[in-house]
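These notes are about the structure you will find just below.
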Amino acid sequence: MGDVNNTIRNIENLGQFELIFFILELDEINSKEEFNYIINLLTNHDNPIREAVSLKLEDYILKYENWFLDEFSINKILDGIIDINPNVSRSICKLISASKTLAGKVEKQIIERINLLILNLKKFEKENNDSFVNAQRNVKNHAKNKKIFSLYWYLEALSCCLSDKYSDEIIKILNYAIDFSDYTIREKTAKLLVKLKNAPLELLQKANSDKNFYVKIQVYDKITMMIS
C-alpha cells in the first residue's frame, strides 16, 4: 500500500510536462487504486495529459484488462470517446477494438448514449428551426458542430464493438443517421451497415447511391457480393 501511495504522491507533485513523460514511461501499474488514478486523468485535465493517458491505455488494455471493466473505468472510457481531441477519441476506439470483453461491456451503453444524443439533436432542430438531416436550413455553429462530432465518434466506437445482440436498436439509429446532412455521419453509418449481419437492403442501397464517394465506397464490396 505504501508503494501505491508513493506512486500517486509522486504523480501529484509533478508539473504538467513531467507528468506527460511519467505517464508515457509508466509500464507497470501496481494496483487498481493506481490504475484508477491514471484513468481519472483521461477527463477534466489538460489536453496533452488526456492524450498521453489515452495512448497508455492502449498499452494497458490486454495487460490489465480486468481493471477496465468496473463502472468508474467504463464511464471514463465512454466520456473519452467524445473527447474534444480526436487523437484521444481514436485511441479509445482502438482500445475497445483490442478487447472483446471491454467491447461487450460498452456496446449497450454506447447505443444508449447515441439514442440520448439523437433525442438531443431532434430537440435542437425544433428549438433552432434547423436540421441535421435532409437539411434545407443547415446553419453551422459551435453547438451544432459539437453534437455532430459526438455522434461521429460514438458511431465509430459502436463499429469497434458491434455484435448481433442489439441489431434492432442499431438499425433504428442507422435509419436516422443515413440521411444526415454531414457526409462523415453517413460514412460511419455505411461502415456500420457493412459490419451488421442482417443490414436492411434498402439502407445499403441508399448508402450505395450516396452522392459522396467516401460513403459509397464503404458498401461497394457488400453490394457487389449481394448482386453477384
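Residues in the C-alpha cells are named by chain (A, B, ... in the order shown) and by number from 1 within that chain; ligands are numbered from 1 in the order shown.
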>> Can you pull out the residues contacting region 108-118 of chain A? Cut-off 9 Å, using only C-alpha atoms, and skip same-chain residues under 4 positions away; I want them as an NGL selection string.
In response: :A and (78 or 104 or 122-123 or 147 or 150-151 or 154-155 or 157-158 or 166 or 169-170 or 173 or 176)
>> Using only C-alpha atoms, which protein or nucleic acid residues come within 8 Å of Ala190 (chain A)? Drop anything in the same chain fewer than 6 positions from it, and give the result as a PyMOL selection string.
In response: chain A and resi 178+204+207+215-216+218-219
Could you take the residues named above and write them with C-alpha atoms, as a compact mmCIF listing (two decimals), in the first residue's frame?
# COMPACT_ATOMS: atom_id res chain seq x y z
CA ILE A 178 -28.16 7.57 -43.15
CA LEU A 204 -27.32 -0.50 -48.14
CA ALA A 207 -25.59 4.26 -49.00
CA VAL A 215 -19.98 6.85 -48.27
CA LYS A 216 -20.45 4.76 -51.42
CA GLN A 218 -17.89 1.68 -47.69
CA VAL A 219 -20.68 -0.54 -49.03
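Taking CA of Glu18 (chain A) and CA of Pro86 (chain A) as the two end points, the separation is 23.0 Å.
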Might you pull out every residue within 12 Å of Asn66 (chain A), with only C-alpha atoms counted and same-chain residues fewer than 2 positions away left off, and present them as a PDB file with N, CA, C and O atoms, in the first residue's frame?
ATOM      1  N   SER A  31      -1.521  -1.510  -8.707  1.00  0.00           N
ATOM      2  CA  SER A  31      -2.806  -1.826  -8.079  1.00  0.00           C
ATOM      3  C   SER A  31      -3.944  -1.163  -8.844  1.00  0.00           C
ATOM      4  O   SER A  31      -3.736  -0.265  -9.664  1.00  0.00           O
ATOM      5  N   LYS A  32      -5.168  -1.589  -8.547  1.00  0.00           N
ATOM      6  CA  LYS A  32      -6.356  -0.964  -9.138  1.00  0.00           C
ATOM      7  C   LYS A  32      -6.463   0.484  -8.686  1.00  0.00           C
ATOM      8  O   LYS A  32      -6.901   1.355  -9.448  1.00  0.00           O
ATOM      9  N   PHE A  35      -4.280   2.363 -10.944  1.00  0.00           N
ATOM     10  CA  PHE A  35      -4.907   2.414 -12.267  1.00  0.00           C
ATOM     11  C   PHE A  35      -6.029   3.449 -12.295  1.00  0.00           C
ATOM     12  O   PHE A  35      -6.158   4.220 -13.247  1.00  0.00           O
ATOM     13  N   TYR A  60      -2.160  -0.741 -21.973  1.00  0.00           N
ATOM     14  CA  TYR A  60      -2.572  -1.430 -20.756  1.00  0.00           C
ATOM     15  C   TYR A  60      -3.715  -2.421 -20.960  1.00  0.00           C
ATOM     16  O   TYR A  60      -3.910  -3.316 -20.136  1.00  0.00           O
ATOM     17  N   ILE A  61      -4.502  -2.274 -22.036  1.00  0.00           N
ATOM     18  CA  ILE A  61      -5.784  -2.967 -22.131  1.00  0.00           C
ATOM     19  C   ILE A  61      -5.651  -4.487 -22.002  1.00  0.00           C
ATOM     20  O   ILE A  61      -6.443  -5.125 -21.323  1.00  0.00           O
ATOM     21  N   LEU A  62      -4.680  -5.086 -22.629  1.00  0.00           N
ATOM     22  CA  LEU A  62      -4.550  -6.543 -22.545  1.00  0.00           C
ATOM     23  C   LEU A  62      -3.839  -6.990 -21.273  1.00  0.00           C
ATOM     24  O   LEU A  62      -4.088  -8.077 -20.760  1.00  0.00           O
ATOM     25  N   LYS A  63      -2.968  -6.137 -20.758  1.00  0.00           N
ATOM     26  CA  LYS A  63      -2.195  -6.470 -19.566  1.00  0.00           C
ATOM     27  C   LYS A  63      -3.034  -6.351 -18.292  1.00  0.00           C
ATOM     28  O   LYS A  63      -2.893  -7.153 -17.356  1.00  0.00           O
ATOM     29  N   TYR A  64      -3.897  -5.334 -18.257  1.00  0.00           N
ATOM     30  CA  TYR A  64      -4.711  -5.082 -17.064  1.00  0.00           C
ATOM     31  C   TYR A  64      -6.197  -5.033 -17.419  1.00  0.00           C
ATOM     32  O   TYR A  64      -6.943  -4.216 -16.889  1.00  0.00           O
ATOM     33  N   PHE A  68     -10.286  -2.432 -16.377  1.00  0.00           N
ATOM     34  CA  PHE A  68     -11.053  -1.534 -17.246  1.00  0.00           C
ATOM     35  C   PHE A  68     -12.561  -1.745 -17.122  1.00  0.00           C
ATOM     36  O   PHE A  68     -13.332  -0.982 -17.702  1.00  0.00           O
ATOM     37  N   LEU A  69     -13.003  -2.775 -16.408  1.00  0.00           N
ATOM     38  CA  LEU A  69     -14.371  -3.258 -16.547  1.00  0.00           C
ATOM     39  C   LEU A  69     -15.342  -2.791 -15.473  1.00  0.00           C
ATOM     40  O   LEU A  69     -16.526  -3.112 -15.534  1.00  0.00           O
ATOM     41  N   ASP A  70     -14.876  -2.039 -14.477  1.00  0.00           N
ATOM     42  CA  ASP A  70     -15.782  -1.542 -13.446  1.00  0.00           C
ATOM     43  C   ASP A  70     -16.474  -0.264 -13.929  1.00  0.00           C
ATOM     44  O   ASP A  70     -16.091   0.334 -14.934  1.00  0.00           O
ATOM     45  N   GLU A  71     -17.498   0.155 -13.212  1.00  0.00           N
ATOM     46  CA  GLU A  71     -18.331   1.297 -13.629  1.00  0.00           C
ATOM     47  C   GLU A  71     -17.512   2.585 -13.767  1.00  0.00           C
ATOM     48  O   GLU A  71     -17.707   3.355 -14.715  1.00  0.00           O
ATOM     49  N   SER A  73     -14.288   3.016 -14.478  1.00  0.00           N
ATOM     50  CA  SER A  73     -13.439   2.993 -15.675  1.00  0.00           C
ATOM     51  C   SER A  73     -14.268   3.056 -16.956  1.00  0.00           C
ATOM     52  O   SER A  73     -13.907   3.754 -17.904  1.00  0.00           O
ATOM     53  N   ILE A  74     -15.395   2.326 -16.985  1.00  0.00           N
ATOM     54  CA  ILE A  74     -16.266   2.334 -18.156  1.00  0.00           C
ATOM     55  C   ILE A  74     -16.759   3.746 -18.448  1.00  0.00           C
ATOM     56  O   ILE A  74     -16.769   4.197 -19.606  1.00  0.00           O
ATOM     57  N   SER A  99     -10.105  -5.369 -27.087  1.00  0.00           N
ATOM     58  CA  SER A  99     -10.604  -6.242 -26.020  1.00  0.00           C
ATOM     59  C   SER A  99     -12.061  -6.619 -26.269  1.00  0.00           C
ATOM     60  O   SER A  99     -12.955  -5.777 -26.172  1.00  0.00           O
ATOM     61  N   LYS A 100     -12.307  -7.883 -26.551  1.00  0.00           N
ATOM     62  CA  LYS A 100     -13.682  -8.346 -26.747  1.00  0.00           C
ATOM     63  C   LYS A 100     -14.498  -8.206 -25.461  1.00  0.00           C
ATOM     64  O   LYS A 100     -15.699  -7.930 -25.505  1.00  0.00           O
ATOM     65  N   THR A 101     -13.824  -8.389 -24.339  1.00  0.00           N
ATOM     66  CA  THR A 101     -14.523  -8.268 -23.050  1.00  0.00           C
ATOM     67  C   THR A 101     -14.986  -6.842 -22.820  1.00  0.00           C
ATOM     68  O   THR A 101     -16.145  -6.595 -22.451  1.00  0.00           O
ATOM     69  N   LEU A 102     -14.091  -5.886 -23.036  1.00  0.00           N
ATOM     70  CA  LEU A 102     -14.455  -4.476 -22.894  1.00  0.00           C
ATOM     71  C   LEU A 102     -15.523  -4.102 -23.909  1.00  0.00           C
ATOM     72  O   LEU A 102     -16.484  -3.395 -23.583  1.00  0.00           O
ATOM     73  N   LYS A 105     -18.844  -5.022 -22.822  1.00  0.00           N
ATOM     74  CA  LYS A 105     -19.330  -4.226 -21.695  1.00  0.00           C
ATOM     75  C   LYS A 105     -19.856  -2.860 -22.129  1.00  0.00           C
ATOM     76  O   LYS A 105     -20.772  -2.316 -21.509  1.00  0.00           O
TER      77      LYS A 105
END
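Between CA of Ala98 (chain A) and CA of Asn208 (chain A) the interatomic distance comes to 29.6 Å.
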With a distance cut-off of 12 Å and only C-alpha atoms, select the neighbouring residues of Asn141 (chain A), excluding the residue or stretch itself and same-chain residues fewer than 5 positions from it, and output the selection as an mmCIF file with C-alpha atoms, in the first residue's frame.
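The result, stored in result-v1.cif:
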data_model
loop_
_atom_site.group_PDB
_atom_site.id
_atom_site.type_symbol
_atom_site.label_atom_id
_atom_site.label_comp_id
_atom_site.auth_asym_id
_atom_site.auth_seq_id
_atom_site.Cartn_x
_atom_site.Cartn_y
_atom_site.Cartn_z
ATOM 1 C CA ASN A 128 -33.485 26.353 -33.537
ATOM 2 C CA ASP A 130 -32.560 23.958 -38.039
ATOM 3 C CA LYS A 146 -20.082 19.626 -31.194
ATOM 4 C CA LYS A 147 -23.159 17.391 -31.489
ATOM 5 C CA ILE A 148 -22.069 16.161 -34.926
#
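Here CA of Asn87 (chain A) and CA of Glu12 (chain A) stand 24.5 Å from one another.
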> What's the 7 Å shell around Thr189 (chain A), counting only C-alpha atoms, without same-chain residues fewer than 2 positions away, as a PyMOL selection string?
Replying inline: chain A and resi 174+177-178+185-187+191-193
>> Among region 38-157 of chain A, which ones does DSSP assign to alpha helix (DSSP H) (computed from the backbone)? Answer as a PyMOL selection string.
In response: chain A and resi 38-40+47-60+71-81+86-98+100-128+142-157
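Excluding Glu51 (chain A) and any residue on its chain fewer than 2 positions from it, the residues at most 8 Å away by only C-alpha atoms are Leu42, Asn47, Pro48, Ile49, Val53, Ser54, Leu55, Asn85, Asn87 and Val88 of chain A.
Nearest to Tyr37 (chain A) of all the residues A:Phe72, A:Phe21, A:Phe132, A:Phe213 is A:Phe72, counting only C-alpha atoms.
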Test item: residues at most 8 Å from Cys160 (chain A), only C-alpha atoms, excluding those fewer than 4 positions along its chain, as a compact mmCIF listing (two decimals) with N, CA and C atoms, in the first residue's frame:
# COMPACT_ATOMS: atom_id res chain seq x y z
N CYS A 93 -11.14 4.30 -29.15
CA CYS A 93 -11.74 3.34 -30.07
C CYS A 93 -10.82 2.15 -30.32
N LYS A 94 -9.52 2.40 -30.39
CA LYS A 94 -8.56 1.32 -30.59
C LYS A 94 -8.54 0.37 -29.40
N ILE A 96 -10.99 -0.24 -27.34
CA ILE A 96 -12.24 -1.01 -27.37
C ILE A 96 -12.10 -2.16 -28.37
N SER A 97 -11.50 -1.87 -29.52
CA SER A 97 -11.29 -2.91 -30.54
C SER A 97 -10.37 -4.01 -30.04
N ALA A 103 -15.36 -4.55 -25.15
CA ALA A 103 -16.33 -4.25 -26.20
C ALA A 103 -17.73 -4.72 -25.79
N GLU A 156 -18.35 5.56 -34.54
CA GLU A 156 -17.07 4.88 -34.75
C GLU A 156 -16.81 3.88 -33.62
